[in-house]
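> The file below is upload19.cif, mmCIF, C-alpha atoms:
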```
data_query
loop_
_atom_site.label_atom_id
_atom_site.label_comp_id
_atom_site.auth_asym_id
_atom_site.auth_seq_id
_atom_site.Cartn_x
_atom_site.Cartn_y
_atom_site.Cartn_z
CA MET A 15 53.51 -5.85 17.21
CA LYS A 16 51.12 -3.44 18.96
CA ILE A 17 51.37 -0.97 16.04
CA LEU A 18 50.47 -3.75 13.60
CA THR A 19 47.36 -4.62 15.68
CA ASN A 20 46.27 -0.96 15.72
CA LYS A 21 46.68 -0.74 11.93
CA LYS A 22 44.55 -3.86 11.49
CA SER A 23 41.90 -2.44 13.82
CA ILE A 24 41.84 0.89 12.00
CA LEU A 25 41.69 -0.86 8.62
CA LEU A 26 38.87 -3.10 9.84
CA LEU A 27 36.97 -0.11 11.22
CA LEU A 28 37.47 1.80 7.98
CA LEU A 29 36.23 -1.18 5.95
CA LEU A 30 33.20 -1.50 8.22
CA LEU A 31 32.37 2.20 7.80
CA ILE A 32 32.65 1.94 4.01
CA ILE A 33 30.30 -1.05 3.94
CA MET A 34 27.82 0.70 6.23
CA HIS A 35 27.89 3.83 4.09
CA SER A 36 27.42 1.91 0.82
CA ASN A 37 24.34 0.16 2.26
CA ASN A 38 22.79 3.44 3.49
CA PHE A 39 22.98 2.20 7.07
CA PHE A 40 23.05 5.68 8.57
CA LEU A 41 20.09 6.95 6.52
CA ASN A 42 18.09 3.79 7.24
CA PHE A 43 18.86 4.03 10.96
CA TYR A 44 17.78 7.69 11.00
CA THR A 45 14.53 6.82 9.16
CA LEU A 46 13.84 4.01 11.61
CA LEU A 47 14.23 6.35 14.56
CA LYS A 48 12.40 9.36 13.08
CA PHE A 49 9.27 7.77 11.53
CA ASN A 50 6.80 5.26 12.98
CA THR A 51 5.76 2.10 11.12
CA HIS A 52 2.67 3.67 9.54
CA GLN A 53 4.67 6.63 8.17
CA ARG A 54 7.37 4.33 6.78
CA MET A 55 4.78 2.10 5.09
CA ILE A 56 3.16 5.14 3.44
CA LYS A 57 6.57 6.32 2.29
CA VAL A 58 7.28 2.94 0.66
CA TYR A 59 3.82 1.86 -0.58
CA GLY A 60 2.13 5.24 -1.06
CA ASP A 61 -0.98 6.88 0.32
CA CYS A 62 -3.10 6.86 -2.82
CA GLY A 63 -1.15 5.59 -5.79
CA GLU A 64 0.95 2.53 -6.55
CA GLU A 65 -0.06 0.04 -3.82
CA SER A 66 -2.00 2.69 -1.81
CA TYR A 67 -1.18 1.50 1.70
CA GLY A 68 -2.46 4.67 3.38
CA PHE A 69 -5.92 4.57 1.79
CA ILE A 70 -6.34 0.81 2.28
CA LYS A 71 -5.26 1.03 5.92
CA LYS A 72 -7.71 3.88 6.57
CA ILE A 73 -10.64 1.94 5.06
CA THR A 74 -9.83 -1.40 6.72
CA ASP A 75 -9.50 0.32 10.11
CA LEU A 76 -12.97 1.88 9.71
CA SER A 77 -14.75 -1.13 8.19
CA ASP A 78 -16.18 -4.37 9.56
CA LYS A 79 -13.33 -6.34 11.14
CA ASN A 80 -15.03 -9.68 10.42
CA LEU A 81 -14.77 -9.45 6.61
CA ASN A 82 -12.01 -8.69 4.12
CA ILE A 83 -12.61 -6.14 1.39
CA LYS A 84 -11.76 -6.98 -2.22
CA ILE A 85 -9.06 -4.66 -3.56
CA LEU A 86 -8.82 -3.92 -7.28
CA ASN A 87 -5.75 -2.14 -8.66
CA ASP A 88 -6.34 -0.46 -12.03
CA ASN A 89 -2.65 0.24 -12.64
CA PRO A 90 -1.48 -1.85 -15.64
CA ASN A 91 2.00 -2.18 -14.08
CA PHE A 92 0.61 -4.21 -11.17
CA SER A 93 -1.44 -7.38 -10.98
CA ASP A 94 -5.02 -6.80 -9.83
CA ASN A 95 -4.42 -8.30 -6.39
CA ASN A 96 -1.01 -6.84 -5.59
CA SER A 97 -2.36 -4.68 -2.75
CA SER A 98 -4.64 -7.29 -1.18
CA TRP A 99 -1.99 -8.31 1.34
CA LEU A 100 -2.08 -4.83 2.89
CA GLY A 101 -5.48 -5.30 4.49
CA TYR A 102 -5.98 -9.07 4.31
CA LYS A 103 -7.01 -11.02 7.40
CA THR A 104 -6.70 -14.80 7.30
CA ASN A 105 -9.53 -17.25 8.00
CA ILE A 106 -12.35 -14.83 7.17
CA GLY A 107 -14.29 -14.28 3.97
CA TYR A 108 -14.80 -11.28 1.73
CA ASP A 109 -17.55 -8.69 1.97
CA LYS A 110 -19.60 -9.26 -1.18
CA LYS A 111 -20.90 -5.67 -1.29
CA LYS A 112 -17.76 -3.60 -0.75
CA ILE A 113 -14.73 -2.99 -2.97
CA ILE A 114 -11.66 -0.78 -2.78
CA LEU A 115 -10.61 0.48 -6.22
CA ILE A 116 -7.16 2.03 -6.39
CA ASN A 117 -5.36 3.75 -9.27
CA ASN A 118 -8.66 4.19 -11.07
CA LYS A 119 -8.11 5.01 -14.73
CA ASN A 120 -11.43 4.50 -16.53
CA SER A 121 -13.13 1.75 -14.55
CA LEU A 122 -15.95 3.88 -13.10
CA LYS A 123 -18.60 5.32 -15.40
CA GLN A 124 -21.05 7.73 -13.78
CA ILE A 125 -24.70 6.83 -14.40
CA LYS A 126 -26.49 9.18 -11.95
CA ASP A 127 -25.43 11.47 -9.10
CA ASN A 128 -24.00 8.76 -6.87
CA LYS A 129 -24.45 5.70 -9.07
CA TYR A 130 -21.46 4.35 -10.98
CA GLU A 131 -20.97 1.36 -13.23
CA LEU A 132 -17.78 -0.55 -12.44
CA ILE A 133 -16.11 -2.16 -15.45
CA PHE A 134 -12.80 -3.70 -14.40
CA LYS A 135 -10.56 -5.37 -17.00
CA ASN A 136 -13.44 -5.84 -19.45
CA SER A 137 -15.72 -7.37 -16.80
CA ASN A 138 -18.87 -5.57 -15.71
CA LEU A 139 -18.99 -5.85 -11.92
CA GLY A 140 -22.27 -3.99 -11.48
CA PHE A 141 -23.42 -0.68 -10.07
CA TYR A 142 -21.77 0.94 -7.05
CA LYS A 143 -21.92 4.09 -5.00
CA ILE A 144 -18.91 5.85 -3.53
CA LEU A 145 -18.54 5.74 0.26
CA ASP A 146 -15.12 7.38 0.40
CA ARG A 147 -12.70 8.84 -2.11
CA LYS A 148 -9.18 10.22 -2.15
CA GLN A 149 -7.78 11.32 -5.52
CA ASN A 150 -8.03 8.18 -7.69
CA CYS A 151 -8.74 5.74 -4.84
CA PHE A 152 -12.35 4.74 -4.14
CA TYR A 153 -14.19 2.83 -1.45
CA LEU A 154 -17.35 1.47 -3.09
CA THR A 155 -20.45 -0.38 -2.00
CA LYS A 156 -22.94 -2.24 -4.20
CA TYR A 157 -25.82 -0.06 -5.29
CA ASP A 158 -29.18 -1.33 -3.99
#
```
So, in terms of structure tokens, how does the structure I just supplied come out?

Amino acid sequence: MKILTNKKSILLLLLLLIIMHSNNFFLNFYTLLKFNTHQRMIKVYGDCGEESYGFIKKITDLSDKNLNIKILNDNPNFSDNNSSWLGYKTNIGYDKKKIILINNKNSLKQIKDNKYELIFKNSNLGFYKILDRKQNCFYLTKYD
């Protein structure tokens, strides 16, 4: 009877290990221990590309904490507000002068040195100047 119990325990342990391996438990556990939350978010959502978590986090940490910043994603594979949740704070309004533009394809047209016309999805949003830039991610403010 004791041998039968040991066989069941070994079989159960083997089944558990197979399930853990097939679900990448060991890799996920290692990643959880090795990288902090910010590094894991950048790994999943990107720094500047796709949802651009890294760029959005950098800008929202530096900007006014009392206003949200409108985020426009120019990637046709995503809806235009797919990254808004990354920096969104509830119960406060949007800054009417500032915009984060990520995955810029052809939305910005240079007019002068630091004056750009923003045309997003066939809508002219006005003239902006660049406050910060990383590859194809832009932090813009309305041109006065």
> Report as a PDB file with C-alpha atoms, in the frame of the given file the full result of the PyMOL selection byres ((chain A and resi 131-143) around 8) when it is applied to this structure.

```
ATOM      1  CA  ASP A  88      -6.340  -0.460 -12.030  1.00  0.00           C
ATOM      2  CA  SER A 121     -13.130   1.750 -14.550  1.00  0.00           C
ATOM      3  CA  LEU A 122     -15.950   3.880 -13.100  1.00  0.00           C
ATOM      4  CA  LYS A 123     -18.600   5.320 -15.400  1.00  0.00           C
ATOM      5  CA  GLN A 124     -21.050   7.730 -13.780  1.00  0.00           C
ATOM      6  CA  ILE A 125     -24.700   6.830 -14.400  1.00  0.00           C
ATOM      7  CA  ASN A 128     -24.000   8.760  -6.870  1.00  0.00           C
ATOM      8  CA  LYS A 129     -24.450   5.700  -9.070  1.00  0.00           C
ATOM      9  CA  TYR A 130     -21.460   4.350 -10.980  1.00  0.00           C
ATOM     10  CA  ILE A 144     -18.910   5.850  -3.530  1.00  0.00           C
ATOM     11  CA  LEU A 145     -18.540   5.740   0.260  1.00  0.00           C
ATOM     12  CA  LEU A 154     -17.350   1.470  -3.090  1.00  0.00           C
ATOM     13  CA  THR A 155     -20.450  -0.380  -2.000  1.00  0.00           C
ATOM     14  CA  LYS A 156     -22.940  -2.240  -4.200  1.00  0.00           C
ATOM     15  CA  TYR A 157     -25.820  -0.060  -5.290  1.00  0.00           C
TER      16      TYR A 157
END
```
> Suppose you want the space between CA of Phe152 in chain A and CA of Ile114 in chain A; what is it in Å?
5.7 Å
> A:Lys126, A:Asp158, A:Asn91, A:Lys79: which is nearest Gly107 in chain A, counting all atoms listed in the file?
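Using all atoms listed in the file, Gly107 in chain A sits closest to A:Lys79.
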> What gap, in Å, lies between CA of Phe40 in chain A and CA of Ser66 in chain A?
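Straight-line distance from CA of Phe40 in chain A to CA of Ser66 in chain A works out to 27.3 Å.
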> Since I can't run it myself right now, could you work out what the PyMOL selection byres ((chain A and resi 102) around 9) selects here and report it as a list of chain:residue names?
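When the PyMOL selection byres ((chain A and resi 102) around 9) is applied, the selected residues are A:Thr74, A:Asn82, A:Ile83, A:Lys84, A:Ser98, A:Trp99, A:Leu100, A:Gly101, A:Lys103, A:Thr104.
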> With the file shown as input, list the residues that the PyMOL selection byres ((chain A and resi 59-62) around 10) selects, as a ChimeraX atom specification.
/A:53-58,63-72,97,100,116-117,147-152
> Taking all atoms listed in the file into account, name the residue in A:Lys111, A:Ser36, A:His52, A:Ile24 that is nearest to Leu81 in chain A.
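When distances to Leu81 in chain A are compared using all atoms listed in the file, the smallest one comes from A:Lys111.
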> Any chance you could work out the axis-aligned box around range 98-111 of chain A, listed atoms only, 4 Å on each side, giving centre and edge lengths in Å to one decimal, as AutoDock Vina command-line options?

```
--center_x -11.4 --center_y -11.0 --center_z 3.4 --size_x 26.9 --size_y 20.4 --size_z 17.3
```
